[in-house]
Amino acid sequence: MATLPLSTTWIARTRQRFWRLAPGDREPVVLRHSRIYILPTRRGFAVIATLVIMLLTSMNYALSLGYAMTFIAAGMVAAALLATFRNLAGIASSPVAAGEAFAGGEVAFTLSLASGNRERTGIVVAPSDGVPEVIDLPRDATRPVVLTVPASRRGRRPLGRVTLWSNFPLGLWRGWAYVHFPLTACIYPAPEPAPPPLPTSPLGIDPQRAARAADAELGGLRDYERGDPHNRIAWKAVARGGGWYTKQFEGGAGGGALDLDWFELPSAIDQELRLSRLTAWVLAAERETRAFALRLPGTELAHGQGAGHRRAALTALASFGQPTTT
Amino acid sequence: MNETKIGAPLARTQLGALAALLLCAQMPLWAHIDRWIAVAGTALIVARLVLPFDRKNLPNLRRWLLPGLALAAAIGIKADYGYFIARDPCVAFLYILLGIKFLEARGARDGALLVCLALFLALTQFFYAQTILAALAAMPALLATGVALGVLRTPAGAAEPWRPHLRATARLLLQGVPIAALLFVLFPRLAAPLWGSPLESGARTGLSESMSPGSISDLSLSDEVAFRVEFASPLPPPSQRYWRGPVFSRFDGAIWRPLYKLRGGQYVPSAGRPADYTVTMEPHGKLWLFALEHPTGPPRAPNPDAPVGVPTEVLAAVTYDQQLLARAPVTQAVRYSVRSATVGTFAAVTNDAADNLQLPHGNPRTIEFARDLRDRSASDRAYIAAVLDWFRTESFVYTLSPDILDRDPVDGFLFDTHRGFCEHFAGAFTLLMRAAGIPARVVTGYQGGEMNPTGEYMIVRQSDAHAWAEALLDGKWQRVDPTAAVAPSRIERGIGAALPAGERVPYLARVDMTWLKSLSLHWDSINYHWQRGFVGFNLERQRDFLREIGLKGAPPWRLVAVLAAAAFVWGIAVLGFSRLRPSRIDAEVALWRTACRRLARAGLERRPDEGPLAYADRAAARWPAVAALITSIAERYALLRYGPAAGRRAEIIAQLRASVGALPPSRALRAMP
């Protein structure tokens, strides 16, 4: 991840301090008075206006007890302000994980909130877009908070600024604090909905060769699907009357190795569709447990298989054409 | 954005909390507003809880029934009070409106509106009473306000129990008390109302602006306190405790009224053994300030510091017939100090004789009797003595329930029924004087007063209301109390002693000191201090207080500064000091951060995902000269943070501190190859 160029001019620093528009939070952030803002809610303004009317009435009619009642209620409102502050102050939040998703879906980010030495009530963790999460924390507890935000475009998707807020205890004051962690998820291209079948490899599908592959080991059985090669049907199981299964192999190319090549695609289709198709093929190859190689302009992945390979391929597709960041 | 969505219907708990708040706000008003309004407003709230108003098929009912109800309530109140745009009908309307609004309340927003309305309604009870009980009656409403707000805060308020909210609200209220007390003391009080005149005292008991048969005997049935008196001088004997109020010179044969125009007068010169005392008067909505006959100077604002006699502010003026009148109607409790010469006479002014000889038509037997008796008397004084003697020897009965007389009531009283209360005796006596050519008038006020054994002050109640007469003899007004001739114990021992057995006497006016009366006097003592210290905290008292703490006459900004400073101290005290300090972090974290900051400033920032050891490797590669130092810092930090450092923490922290101290400053690092 790149070191973010934090501007150092006074104005920029102040702006960052107030609004936290840049992802500048590194350590676990402990909310303190310098970060917490509090303003009345609409309801708070209404109650304060009521108190003003009560005060005017007490003044006009010289009601000593009216003054007393107004001021006691005002004291409660003021104490609620402090309670709102106290409910937020001391919460420690830290980034935990960024999920992965395909464009057009939703991606989950995980933060953790630690309550510190007091109970926390009604803490809302709101991403700048997406669904806010509400959480209560007992004393001395740490809880993960999963934020689901829309992932509209492929590429790197930062979580952005997160607002922690609460209007506990009376809903008259809203206290909030911004945290902005450099947490970024990788959004893969959306797979093409109905992709053409997997390309045939230059070697052609050679079932015998694949079946005979020295390093192929029987990995297990799966339900038979129409179209599975005959030589991979678990005939013994069929003979025993145990049902139809297809043998799966690991370590070797399930159905023969594939070459997924950007340059082999018809030149008429545009870049995003190419990426979508390649994504769909990567997923299909993985489903069929076939090794594949991926070739993109500037990137080349050798034949391989498994979760790591799949992620590497999808990541390469996601970040295609985007400024590389490590 | 943070409010509950308007669409979300109020949950059961939320409705319950709101209903509790509304009832708490309405309850103290039950004693002060008309019964049908009290019942209707409360019934609407109960109706909402009981009836199925949340069914979706009732929107039309909401749309038409509720404005209809509001209109009906407004019309009913208008019919009841005779007017609408005034304080009392508006309180009544707000009372009902709470019920109507609650009936249709749907979302959290309606809930918040109801909370605001209820909070205000809870204040309105103080229009009518500012007793200890009224103050206590406001507490449930304040608590319920907090609970309702707490339960309304979340849409999930449904599942929440209300009890924790009650505890939290109580805590908030207690925490707010210092701020409340400070505001109460420092918030500037007004000398005059902001708008209109708060003169709507309505049904306050007290003397009235005219005297007809029955007006004082009605009052005598009331135990209410008229005023309380603290004496700085020795107590005057009961026969001198005449508290002068309205004076009546015009008589139409049935009703006594004051003169059309009251001119200013002179205070009497100090004579005899003057009485110094301070009166704390309950509001009565009229101008009269009661004082012992006769004040020697204007009433002053009492100042506990200054000895009586230091002239302060004049509260009122005296009229030529020796009434003390305030400058504005007494609508809140007032306190004033007076010095009175306890003499029964004072000099007349020019028009007095002419003003007080008028005789109405009617009552021919009285007039004839008076002229006859005067002719047989040697002098005016002898005539007065003869009349009083006649009262004494004839079988006059002092009673609260005289017969009602329509025509020539004085004739009927003097010659037929012989049964009357003090207003009958005073009125008849005055008429007898006038018929004989002696200028005379009726004086009303209070006579007597009872010492409170606990409070060291005197209570004068409405049951002490009295009427007596005044005759002009030799250019001086002379007090004559015909009641004293008929029922001397009325003057000496009060109305309870004077009335015949079997009459309905207010129990506090009775002579026998039962335990109930004793308890009641203790309660009165508490109430008196309450009134003085708390309810009576007005402009003057505030000035005195500010003078005491050295803020008298301070510019407003100084008061604001005091308030702000106090609020700051309060905030810190409530939060606890630890909250404002940086949260306690472990020593090794602070040291590690120092080291990281130094390296970062030198140009090598730690990546957020980089562990300490990996970062140290990178740093060691960048600065080979201090590689060993950097590595040792990272290793010790990792050991303290993640490793088995138990038992050796202090030692390792000391080493870490030494290593971080040895790390060159960032400028030196930057200069390194």
# chains A, B, ... in the order shown; residues from 1 in each chain; ligands from 1

$ interface_residues --of "chain B" --to "chain A" --cutoff "6 Å" --atoms "only C-alpha atoms" --output "list in words"
Cys116, Leu123, Leu149, Gly150, Arg153, Leu172, Leu173, Gly176, Ile179, Ala180, Pro193, Leu194, Pro198, Val535 and Pro608 of chain B

$ select_by_dssp --residues "stretch 130-317 of chain B" --states "alpha helix (DSSP H)" --output "NGL selection string"
:B and (132-152 or 163-186 or 215-219)

$ closest_residue --among "B:Ser217, B:Val268, B:Leu357, B:Leu559" --to "B:Tyr398" --atoms "only C-alpha atoms"
B:Ser217

$ select_by_dssp --residues "stretch 260-469 of chain B" --states "strand (DSSP E)" --output "compact mmCIF listing (two decimals) with N, CA and C atoms, in the first residue's frame"
# COMPACT_ATOMS: atom_id res chain seq x y z
N ALA B 275 -44.40 49.50 66.48
CA ALA B 275 -44.15 48.09 66.18
C ALA B 275 -43.38 48.02 64.86
N ASP B 276 -42.29 47.26 64.86
CA ASP B 276 -41.54 47.02 63.63
C ASP B 276 -41.74 45.58 63.21
N TYR B 277 -42.07 45.38 61.97
CA TYR B 277 -42.38 44.01 61.57
C TYR B 277 -42.23 43.88 60.05
N THR B 278 -42.14 42.66 59.61
CA THR B 278 -42.02 42.37 58.19
C THR B 278 -43.15 41.45 57.79
N VAL B 279 -43.86 41.84 56.76
CA VAL B 279 -45.01 41.07 56.30
C VAL B 279 -44.62 40.28 55.05
N THR B 280 -44.96 39.00 55.01
CA THR B 280 -44.82 38.21 53.78
C THR B 280 -46.22 37.88 53.32
N MET B 281 -46.65 38.54 52.25
CA MET B 281 -48.05 38.45 51.88
C MET B 281 -48.25 37.49 50.72
N TRP B 288 -53.92 46.15 47.84
CA TRP B 288 -53.72 46.42 49.27
C TRP B 288 -52.49 45.74 49.83
N LEU B 289 -51.78 46.51 50.64
CA LEU B 289 -50.73 45.94 51.48
C LEU B 289 -51.21 46.14 52.91
N ALA B 291 -51.17 46.49 56.88
CA ALA B 291 -50.26 46.92 57.94
C ALA B 291 -51.07 47.19 59.19
N LEU B 292 -50.41 47.13 60.32
CA LEU B 292 -51.09 47.46 61.58
C LEU B 292 -51.50 48.92 61.54
N ALA B 316 -44.84 51.34 47.97
CA ALA B 316 -46.25 51.70 47.87
C ALA B 316 -46.46 53.10 48.41
N ALA B 317 -47.69 53.55 48.30
CA ALA B 317 -48.05 54.87 48.81
C ALA B 317 -49.24 54.71 49.75
N VAL B 318 -49.42 55.70 50.61
CA VAL B 318 -50.54 55.66 51.52
C VAL B 318 -51.60 56.62 50.99
N LEU B 324 -52.66 51.38 52.62
CA LEU B 324 -51.39 51.21 51.92
C LEU B 324 -51.68 50.52 50.60
N LEU B 325 -51.28 51.15 49.51
CA LEU B 325 -51.55 50.53 48.21
C LEU B 325 -50.24 50.29 47.48
N ALA B 326 -50.11 49.10 46.92
CA ALA B 326 -48.92 48.79 46.12
C ALA B 326 -49.04 49.47 44.77
N VAL B 334 -45.20 38.99 48.19
CA VAL B 334 -44.32 40.15 48.42
C VAL B 334 -43.95 40.19 49.89
N ARG B 335 -42.83 40.84 50.11
CA ARG B 335 -42.33 40.96 51.47
C ARG B 335 -41.99 42.42 51.70
N TYR B 336 -42.45 42.97 52.79
CA TYR B 336 -42.14 44.37 53.05
C TYR B 336 -42.09 44.59 54.55
N SER B 337 -41.30 45.58 54.92
CA SER B 337 -41.15 45.92 56.33
C SER B 337 -41.85 47.24 56.60
N VAL B 338 -42.55 47.32 57.71
CA VAL B 338 -43.30 48.52 58.07
C VAL B 338 -43.04 48.81 59.54
N ARG B 339 -43.11 50.12 59.88
CA ARG B 339 -43.16 50.52 61.28
C ARG B 339 -44.52 51.17 61.50
N SER B 340 -45.22 50.73 62.54
CA SER B 340 -46.54 51.28 62.82
C SER B 340 -46.56 51.86 64.22
N THR B 345 -55.92 56.35 66.60
CA THR B 345 -56.45 57.59 66.02
C THR B 345 -55.47 58.17 65.02
N PHE B 346 -55.99 58.98 64.13
CA PHE B 346 -55.13 59.78 63.26
C PHE B 346 -55.92 60.98 62.76
N ALA B 347 -55.18 61.99 62.29
CA ALA B 347 -55.83 63.25 61.94
C ALA B 347 -56.62 63.12 60.65
N VAL B 397 -76.51 38.45 68.70
CA VAL B 397 -75.77 37.19 68.57
C VAL B 397 -74.73 37.34 67.47
N TYR B 398 -73.51 36.98 67.83
CA TYR B 398 -72.42 37.01 66.84
C TYR B 398 -72.38 35.65 66.16
N ARG B 419 -79.12 39.02 64.76
CA ARG B 419 -78.07 38.03 64.48
C ARG B 419 -77.19 38.57 63.34
N GLY B 420 -75.90 38.67 63.60
CA GLY B 420 -75.04 39.18 62.54
C GLY B 420 -73.58 38.86 62.76
N ALA B 440 -68.57 58.92 59.71
CA ALA B 440 -68.07 57.57 60.05
C ALA B 440 -67.91 56.76 58.77
N ARG B 441 -67.09 55.72 58.83
CA ARG B 441 -66.90 54.82 57.68
C ARG B 441 -66.54 53.43 58.16
N VAL B 442 -66.61 52.50 57.21
CA VAL B 442 -66.33 51.10 57.52
C VAL B 442 -64.89 50.78 57.10
N VAL B 443 -64.16 50.11 57.93
CA VAL B 443 -62.81 49.66 57.58
C VAL B 443 -62.81 48.13 57.60
N THR B 444 -62.25 47.53 56.55
CA THR B 444 -62.10 46.08 56.55
C THR B 444 -60.62 45.72 56.57
N GLY B 445 -60.37 44.51 56.94
CA GLY B 445 -58.98 44.05 57.03
C GLY B 445 -58.96 42.77 57.82
N TYR B 446 -57.93 42.58 58.57
CA TYR B 446 -57.82 41.38 59.39
C TYR B 446 -57.61 41.81 60.81
N GLN B 447 -58.12 41.03 61.71
CA GLN B 447 -57.95 41.34 63.11
C GLN B 447 -57.43 40.09 63.80
N GLU B 450 -52.14 34.57 64.72
CA GLU B 450 -51.75 33.54 65.66
C GLU B 450 -50.26 33.32 65.55
N MET B 451 -49.58 33.28 66.67
CA MET B 451 -48.14 33.01 66.62
C MET B 451 -47.92 31.54 66.28
N ASN B 452 -47.03 31.30 65.37
CA ASN B 452 -46.66 29.92 65.11
C ASN B 452 -45.59 29.53 66.11
N TYR B 457 -43.15 33.42 64.00
CA TYR B 457 -43.80 34.43 63.19
C TYR B 457 -45.30 34.30 63.42
N MET B 458 -46.01 35.29 62.97
CA MET B 458 -47.45 35.29 63.17
C MET B 458 -48.14 34.94 61.85
N ILE B 459 -49.16 34.10 61.94
CA ILE B 459 -49.93 33.78 60.74
C ILE B 459 -51.25 34.53 60.83
N VAL B 460 -51.59 35.23 59.78
CA VAL B 460 -52.92 35.84 59.70
C VAL B 460 -53.66 35.13 58.57
N ARG B 461 -54.77 34.53 58.91
CA ARG B 461 -55.51 33.74 57.93
C ARG B 461 -56.72 34.50 57.41
N ALA B 465 -60.37 37.65 58.82
CA ALA B 465 -60.94 38.82 58.15
C ALA B 465 -61.96 39.49 59.08
N HIS B 466 -61.99 40.79 59.03
CA HIS B 466 -62.79 41.50 60.02
C HIS B 466 -63.25 42.83 59.43
N ALA B 467 -64.28 43.40 60.02
CA ALA B 467 -64.72 44.75 59.63
C ALA B 467 -64.98 45.52 60.91
N TRP B 468 -64.58 46.76 60.91
CA TRP B 468 -64.82 47.61 62.08
C TRP B 468 -65.19 49.00 61.58
N ALA B 469 -65.35 49.92 62.47
CA ALA B 469 -65.81 51.25 62.08
C ALA B 469 -64.82 52.29 62.54

$ residues_around --residues "A:Ala318" --least-positions-apart "6" --cutoff "7 Å" --atoms "only C-alpha atoms" --output "NGL selection string"
:A and (154-155 or 186-189)

$ residues_around --residues "B:Ile96" --least-positions-apart "2" --cutoff "7 Å" --atoms "only C-alpha atoms" --output "list in words"
Ile37, Ala40, Gly41, Ala92, Phe93, Leu94, Leu98, Gly99 and Ile100 of chain B

$ write_last_selection --atoms "N, CA and C atoms" --output "compact mmCIF listing (two decimals), in the first residue's frame"
# COMPACT_ATOMS: atom_id res chain seq x y z
N ILE B 37 -62.89 19.32 32.03
CA ILE B 37 -61.67 19.39 31.22
C ILE B 37 -60.66 18.37 31.72
N ALA B 40 -61.85 14.92 30.67
CA ALA B 40 -61.79 14.69 29.23
C ALA B 40 -60.34 14.50 28.77
N GLY B 41 -59.45 15.40 29.20
CA GLY B 41 -58.07 15.31 28.75
C GLY B 41 -57.41 14.02 29.15
N ALA B 92 -56.13 25.22 29.82
CA ALA B 92 -57.13 24.16 29.72
C ALA B 92 -57.11 23.53 28.33
N PHE B 93 -56.96 24.37 27.31
CA PHE B 93 -56.96 23.84 25.94
C PHE B 93 -55.73 22.98 25.71
N LEU B 94 -54.58 23.45 26.19
CA LEU B 94 -53.37 22.65 26.04
C LEU B 94 -53.52 21.31 26.73
N LEU B 98 -53.21 17.80 24.54
CA LEU B 98 -52.28 16.70 24.76
C LEU B 98 -52.97 15.37 24.51
N GLY B 99 -54.18 15.25 25.06
CA GLY B 99 -54.93 14.01 24.87
C GLY B 99 -55.27 13.78 23.41
N ILE B 100 -55.70 14.84 22.73
CA ILE B 100 -56.11 14.69 21.32
C ILE B 100 -54.91 14.31 20.47

$ atom_distance --atom1 "atom CA of B:Arg48" --atom2 "atom CA of B:Gly107"
14.1 Å

$ atom_distance --atom1 "atom CA of B:Glu282" --atom2 "atom CA of B:Trp36"
28.8 Å

$ atom_distance --atom1 "atom CA of B:Trp30" --atom2 "atom CA of B:Gly285"
22.3 Å

$ residues_around --residues "B:Gly448" --least-positions-apart "2" --cutoff "9 Å" --atoms "only C-alpha atoms" --output "short mmCIF file (atom, residue, chain, number, x, y, z; two decimals) with C-alpha atoms, in the first residue's frame"
data_model
loop_
_atom_site.label_atom_id
_atom_site.label_comp_id
_atom_site.auth_asym_id
_atom_site.auth_seq_id
_atom_site.Cartn_x
_atom_site.Cartn_y
_atom_site.Cartn_z
CA PRO B 238 -54.40 41.23 70.46
CA SER B 239 -56.59 44.30 70.93
CA GLN B 240 -54.15 46.29 68.81
CA ARG B 241 -53.76 43.78 66.03
CA TYR B 242 -55.90 45.56 63.46
CA TRP B 243 -54.48 44.99 59.97
CA TYR B 446 -57.82 41.38 59.39
CA GLU B 450 -51.75 33.54 65.66
CA VAL B 460 -52.92 35.84 59.70
CA ASP B 464 -59.20 36.51 60.62
CA ALA B 465 -60.94 38.82 58.15
CA ARG B 490 -63.45 37.68 68.99
CA ILE B 491 -60.88 40.39 69.48
CA GLU B 492 -58.95 38.74 72.25
CA ARG B 493 -58.96 35.11 71.17
CA GLY B 494 -60.15 34.94 67.60
#

$ closest_residue --among "B:Gly603, B:Pro482, B:Gly16, B:Pro665" --to "B:Ala386" --atoms "only C-alpha atoms"
B:Pro482

$ closest_residue --among "A:Arg143, A:Arg295, A:Arg120, A:Arg157" --to "A:Val107" --atoms "only C-alpha atoms"
A:Arg157

$ residues_around --residues "A:Phe109" --least-positions-apart "3" --cutoff "9 Å" --atoms "only C-alpha atoms" --output "PyMOL selection string"
chain A and resi 95-100+145-149+159+183-185

$ residues_around --residues "B:Val91" --least-positions-apart "4" --cutoff "10 Å" --atoms "only C-alpha atoms" --output "PDB file with N, CA and C atoms, in the first residue's frame"
ATOM      1  N   LEU B  29     -52.484  19.532  37.485  1.00  0.00           N
ATOM      2  CA  LEU B  29     -53.488  20.535  37.115  1.00  0.00           C
ATOM      3  C   LEU B  29     -54.896  20.129  37.518  1.00  0.00           C
ATOM      4  N   ILE B  33     -58.064  23.086  37.271  1.00  0.00           N
ATOM      5  CA  ILE B  33     -58.914  23.363  36.121  1.00  0.00           C
ATOM      6  C   ILE B  33     -60.254  22.672  36.309  1.00  0.00           C
ATOM      7  N   ALA B  86     -56.614  33.910  26.681  1.00  0.00           N
ATOM      8  CA  ALA B  86     -56.135  34.323  27.992  1.00  0.00           C
ATOM      9  C   ALA B  86     -55.426  33.131  28.585  1.00  0.00           C
ATOM     10  N   ARG B  87     -54.801  33.345  29.704  1.00  0.00           N
ATOM     11  CA  ARG B  87     -53.928  32.297  30.217  1.00  0.00           C
ATOM     12  C   ARG B  87     -54.694  31.030  30.577  1.00  0.00           C
ATOM     13  N   TYR B  95     -54.179  21.350  27.880  1.00  0.00           N
ATOM     14  CA  TYR B  95     -54.408  20.129  28.645  1.00  0.00           C
ATOM     15  C   TYR B  95     -55.163  19.105  27.796  1.00  0.00           C
ATOM     16  N   ILE B  96     -56.227  19.563  27.144  1.00  0.00           N
ATOM     17  CA  ILE B  96     -57.017  18.639  26.316  1.00  0.00           C
ATOM     18  C   ILE B  96     -56.253  18.282  25.054  1.00  0.00           C
ATOM     19  N   LEU B  97     -55.553  19.284  24.503  1.00  0.00           N
ATOM     20  CA  LEU B  97     -54.838  19.065  23.245  1.00  0.00           C
ATOM     21  C   LEU B  97     -53.841  17.921  23.373  1.00  0.00           C
ATOM     22  N   PHE B 120     -44.030  21.625  28.772  1.00  0.00           N
ATOM     23  CA  PHE B 120     -44.566  22.963  29.015  1.00  0.00           C
ATOM     24  C   PHE B 120     -45.791  22.908  29.912  1.00  0.00           C
ATOM     25  N   LEU B 121     -46.653  21.932  29.648  1.00  0.00           N
ATOM     26  CA  LEU B 121     -47.876  21.840  30.455  1.00  0.00           C
ATOM     27  C   LEU B 121     -47.529  21.627  31.923  1.00  0.00           C
ATOM     28  N   THR B 124     -47.223  24.804  33.756  1.00  0.00           N
ATOM     29  CA  THR B 124     -48.361  25.714  33.933  1.00  0.00           C
ATOM     30  C   THR B 124     -49.012  25.564  35.296  1.00  0.00           C
ATOM     31  N   GLN B 125     -48.790  24.437  35.977  1.00  0.00           N
ATOM     32  CA  GLN B 125     -49.398  24.306  37.306  1.00  0.00           C
ATOM     33  C   GLN B 125     -48.907  25.401  38.243  1.00  0.00           C
ATOM     34  N   PHE B 127     -48.726  28.455  37.702  1.00  0.00           N
ATOM     35  CA  PHE B 127     -49.590  29.631  37.650  1.00  0.00           C
ATOM     36  C   PHE B 127     -50.494  29.667  38.871  1.00  0.00           C
TER      37      PHE B 127
END

$ closest_residue --among "A:Tyr178, A:Phe102, A:Phe320, A:Trp281" --to "A:Asp261" --atoms "only C-alpha atoms"
A:Trp281

$ decode --residues "stretch 428-483 of chain B" --atoms "C-alpha atoms" --output "PDB file, in the first residue's frame"
ATOM      1  CA  ALA B 428     -74.961  49.210  61.312  1.00  0.00           C
ATOM      2  CA  PHE B 429     -72.738  51.133  63.682  1.00  0.00           C
ATOM      3  CA  THR B 430     -71.466  53.386  60.909  1.00  0.00           C
ATOM      4  CA  LEU B 431     -74.988  54.088  59.787  1.00  0.00           C
ATOM      5  CA  LEU B 432     -76.009  54.905  63.361  1.00  0.00           C
ATOM      6  CA  MET B 433     -73.123  57.380  63.546  1.00  0.00           C
ATOM      7  CA  ARG B 434     -73.970  59.073  60.275  1.00  0.00           C
ATOM      8  CA  ALA B 435     -77.652  59.347  61.191  1.00  0.00           C
ATOM      9  CA  ALA B 436     -76.554  61.189  64.309  1.00  0.00           C
ATOM     10  CA  GLY B 437     -74.362  63.551  62.296  1.00  0.00           C
ATOM     11  CA  ILE B 438     -71.040  61.970  63.169  1.00  0.00           C
ATOM     12  CA  PRO B 439     -68.868  61.275  60.094  1.00  0.00           C
ATOM     13  CA  ALA B 440     -68.066  57.569  60.051  1.00  0.00           C
ATOM     14  CA  ARG B 441     -66.901  54.825  57.682  1.00  0.00           C
ATOM     15  CA  VAL B 442     -66.326  51.099  57.524  1.00  0.00           C
ATOM     16  CA  VAL B 443     -62.807  49.662  57.582  1.00  0.00           C
ATOM     17  CA  THR B 444     -62.103  46.077  56.550  1.00  0.00           C
ATOM     18  CA  GLY B 445     -58.982  44.054  57.030  1.00  0.00           C
ATOM     19  CA  TYR B 446     -57.822  41.381  59.391  1.00  0.00           C
ATOM     20  CA  GLN B 447     -57.950  41.337  63.110  1.00  0.00           C
ATOM     21  CA  GLY B 448     -55.762  39.116  65.204  1.00  0.00           C
ATOM     22  CA  GLY B 449     -53.218  36.596  64.096  1.00  0.00           C
ATOM     23  CA  GLU B 450     -51.754  33.539  65.663  1.00  0.00           C
ATOM     24  CA  MET B 451     -48.144  33.007  66.623  1.00  0.00           C
ATOM     25  CA  ASN B 452     -46.661  29.923  65.110  1.00  0.00           C
ATOM     26  CA  PRO B 453     -44.909  28.203  67.995  1.00  0.00           C
ATOM     27  CA  THR B 454     -42.244  26.785  65.699  1.00  0.00           C
ATOM     28  CA  GLY B 455     -41.605  29.514  63.214  1.00  0.00           C
ATOM     29  CA  GLU B 456     -41.494  32.553  65.474  1.00  0.00           C
ATOM     30  CA  TYR B 457     -43.799  34.432  63.195  1.00  0.00           C
ATOM     31  CA  MET B 458     -47.453  35.289  63.173  1.00  0.00           C
ATOM     32  CA  ILE B 459     -49.935  33.776  60.742  1.00  0.00           C
ATOM     33  CA  VAL B 460     -52.918  35.840  59.697  1.00  0.00           C
ATOM     34  CA  ARG B 461     -55.512  33.735  57.934  1.00  0.00           C
ATOM     35  CA  GLN B 462     -58.537  34.568  55.838  1.00  0.00           C
ATOM     36  CA  SER B 463     -60.616  33.473  58.812  1.00  0.00           C
ATOM     37  CA  ASP B 464     -59.196  36.511  60.620  1.00  0.00           C
ATOM     38  CA  ALA B 465     -60.939  38.824  58.153  1.00  0.00           C
ATOM     39  CA  HIS B 466     -62.791  41.503  60.019  1.00  0.00           C
ATOM     40  CA  ALA B 467     -64.725  44.746  59.625  1.00  0.00           C
ATOM     41  CA  TRP B 468     -64.819  47.606  62.079  1.00  0.00           C
ATOM     42  CA  ALA B 469     -65.812  51.246  62.076  1.00  0.00           C
ATOM     43  CA  GLU B 470     -64.117  54.586  62.272  1.00  0.00           C
ATOM     44  CA  ALA B 471     -65.724  57.769  63.591  1.00  0.00           C
ATOM     45  CA  LEU B 472     -64.512  61.323  63.206  1.00  0.00           C
ATOM     46  CA  LEU B 473     -64.341  63.007  66.594  1.00  0.00           C
ATOM     47  CA  ASP B 474     -62.668  66.358  67.253  1.00  0.00           C
ATOM     48  CA  GLY B 475     -60.844  66.302  63.917  1.00  0.00           C
ATOM     49  CA  LYS B 476     -59.410  62.850  64.531  1.00  0.00           C
ATOM     50  CA  TRP B 477     -60.462  59.485  63.250  1.00  0.00           C
ATOM     51  CA  GLN B 478     -61.191  57.114  66.073  1.00  0.00           C
ATOM     52  CA  ARG B 479     -61.371  53.350  65.663  1.00  0.00           C
ATOM     53  CA  VAL B 480     -64.516  51.827  67.120  1.00  0.00           C
ATOM     54  CA  ASP B 481     -65.114  48.080  66.913  1.00  0.00           C
ATOM     55  CA  PRO B 482     -68.739  47.260  67.688  1.00  0.00           C
ATOM     56  CA  THR B 483     -67.993  43.549  67.421  1.00  0.00           C
TER      57      THR B 483
END
